[in-house]
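Everything on this sheet refers to the single structure shown next.
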Amino acid sequence: MGYQIYIAVSGAGRLGEGLVWDDEDQLLWWVDITGGLIHSYDISSRSNTSYDFGEPVGSIGRREAGGLVVAAKSGFYFFDPASGQKTPIADPEADIAENRFNDGTVDPAGRFWAGTMKDGGEPNRQGCFYLLDHDLSVRPWDQVLYTTNGLAFSADGGTMYFSDSNRAVRTIWQCDYDVDTGTPSSPRLFFDTAALAGRPDGGTVDSDGCYWMAGVGGWQIYRITPDGNIDMTIDVPVEKPTKPMFGGVNRDILFVSSIGFDLTAGTEADQPEAGALLAITGLNITGLPQPRFAG
């Protein structure tokens, strides 16, 4: 097998998501969506620091000017973890009280993409991706989904990936991406997960150009080659892995967040670390540097 899995941060009852490794500060930034918490994990000391954002947080990015850009329940914000200061930017769905932001990432040119979804209750196809540009303008993308997820970019920025986790969809798409303008092409099918144990949740791309997918509900992580074939499946000790991200000094540790509630009845004793942040070493695969938001 060659790889090892250990628990980086324990924590039952958490909806872990939004992992971002920052090369400059050598920290793994991540969130607990329902807890409204933003975390930073220091691999050198194996210590985790938590910051209370005060509302559900879907995704984050490090910012060139310092602090974080945040996609939360009530829109886009800047956030200074040291002082706790929140600066509102825009709330593109102020008229849709049921929605909150979910998955997001920074593109290679330093723009922040994030998607929304219906927050609880019966699923409905009312989620949308938004681009927060350098000048802090916001523009929607004309794709409507149930559960926006899986945002990631190829090394050259020319390919954008995204997914819908809904049980009736469970599909990953890819688009040609114009880095100069932040414009994706019409989506095309990249991978249909219907035959897999897990549905597509968060994603990232490694230095070989392969897409890593957290198989939520399936106890597994998958590596998908650029031509759409699975070449690695990793069994993890949690039913609901949510987001993979490479980090560490050499970006060769695969961190994985997870969900610690609404587990399949009867499996609770088999996954005492559900909700934990996992770390997988020994893969001999490295991740891409994660850009900072330039606005």
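Starting from 1 in every chain, residues are counted up; chains themselves are A, B, ... following the order of the structure tokens, and ligands are numbered from 1 as listed.
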Sorted by chain and rising residue number, list the residues of segment 212-279 of chain A at most 9 Å from segment 289-294 of chain A (counting only C-alpha atoms), each with its closest atom pair and distance in Å to one decimal, as a tab-separated table.
```
residue	atom	partner	partner_atom	distance
A:Phe246	CA	A:Pro289	CA	8.8
A:Gly247	CA	A:Pro289	CA	8.9
A:Arg251	CA	A:Pro289	CA	8.0
```
Can those selected residues be exported to a file as a compact mmCIF listing (two decimals), in the first residue's frame so that it contains C-alpha atoms?
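Result saved to result25.txt:
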```txt
# COMPACT_ATOMS: atom_id res chain seq x y z
CA PHE A 246 -2.04 18.72 -0.48
CA GLY A 247 0.09 20.52 2.08
CA ARG A 251 3.15 19.68 -0.54
```
Once DSSP has gone over the backbone, tell me which residues of segment 182-264 of chain A are in strand (DSSP E or B), as a PyMOL selection string. chain A and resi 183-184+188-192+199-206+211-216+220-224+230-235+241-247+253-259
Polymer residues at most 10 Å from Arg100 of chain A, only C-alpha atoms, same-chain spacing of 6 or more positions, as a count of residues only: 18
Could you list, with a cut-off of 7 Å and counting only C-alpha atoms, the residues of segment 147-168 of chain A near segment 198-221 of chain A, each shown with its nearest atom pair and the distance in Å rounded to one decimal, rows sorted by chain and ascending number, as a Markdown table?
```
| residue | atom | partner | partner_atom | distance |
| --- | --- | --- | --- | --- |
| A:Asn149 | CA | A:Asp201 | CA | 5.7 |
| A:Gly150 | CA | A:Gly202 | CA | 4.3 |
| A:Leu151 | CA | A:Gly203 | CA | 6.3 |
| A:Ala152 | CA | A:Thr204 | CA | 5.3 |
| A:Phe153 | CA | A:Val205 | CA | 6.7 |
| A:Ser154 | CA | A:Gly209 | CA | 6.3 |
| A:Ala155 | CA | A:Gly209 | CA | 6.9 |
| A:Ser163 | CA | A:Pro200 | CA | 6.5 |
| A:Asp164 | CA | A:Pro200 | CA | 6.9 |
| A:Ser165 | CA | A:Pro200 | CA | 5.2 |
```
For the atom pair atom CA of Pro88 of chain A and atom CA of Trp113 of chain A, what is the interatomic distance in Å to one decimal place?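 Value for the atom CA of Pro88 of chain A-atom CA of Trp113 of chain A distance: 16.4 Å.
Atom CA of Lys240 of chain A is positioned 22.4 Å from atom CA of Asp252 of chain A.
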Among the residues A:Phe261, A:Trp29, A:Phe78, A:Phe191, the one that comes closest to Glu273 of chain A [using only C-alpha atoms]: A:Phe261
What's around Tyr6 of chain A at 8 Å? Count only C-alpha atoms, leave out sequence neighbours fewer than 3 positions away in its own chain, and write the answer as an MDAnalysis selection string. chainID A and resid 278:280
For the residues in that selection, give me N, CA and C atoms as an mmCIF file, in the first residue's frame.
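What landed in selection.cif:
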```
data_model
loop_
_atom_site.group_PDB
_atom_site.id
_atom_site.type_symbol
_atom_site.label_atom_id
_atom_site.label_comp_id
_atom_site.auth_asym_id
_atom_site.auth_seq_id
_atom_site.Cartn_x
_atom_site.Cartn_y
_atom_site.Cartn_z
ATOM 1 N N LEU A 278 -7.959 14.451 8.565
ATOM 2 C CA LEU A 278 -7.024 13.357 8.330
ATOM 3 C C LEU A 278 -5.796 13.849 7.583
ATOM 4 N N ALA A 279 -4.710 13.108 7.705
ATOM 5 C CA ALA A 279 -3.497 13.375 6.930
ATOM 6 C C ALA A 279 -2.988 12.059 6.366
ATOM 7 N N ILE A 280 -2.678 12.048 5.069
ATOM 8 C CA ILE A 280 -2.197 10.844 4.400
ATOM 9 C C ILE A 280 -0.777 11.115 3.900
#
```
Record the distance separating atom CA of Gly35 of chain A and atom CA of Arg14 of chain A, expressed in Å with one decimal.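 So the answer is 7.0 Å.
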Contact residues around Gly248 of chain A with only C-alpha atoms at 10 Å, ignoring same-chain residues under 2 positions, as an MDAnalysis selection string: chainID A and resid 21:23 26:28 42:44 246 250:255 286:287
Just want the 6 Å neighbourhood of Asp176 of chain A, counted on only C-alpha atoms, with same-chain residues fewer than 2 positions away dropped. Output as a PyMOL selection string. chain A and resi 158-159+184-185
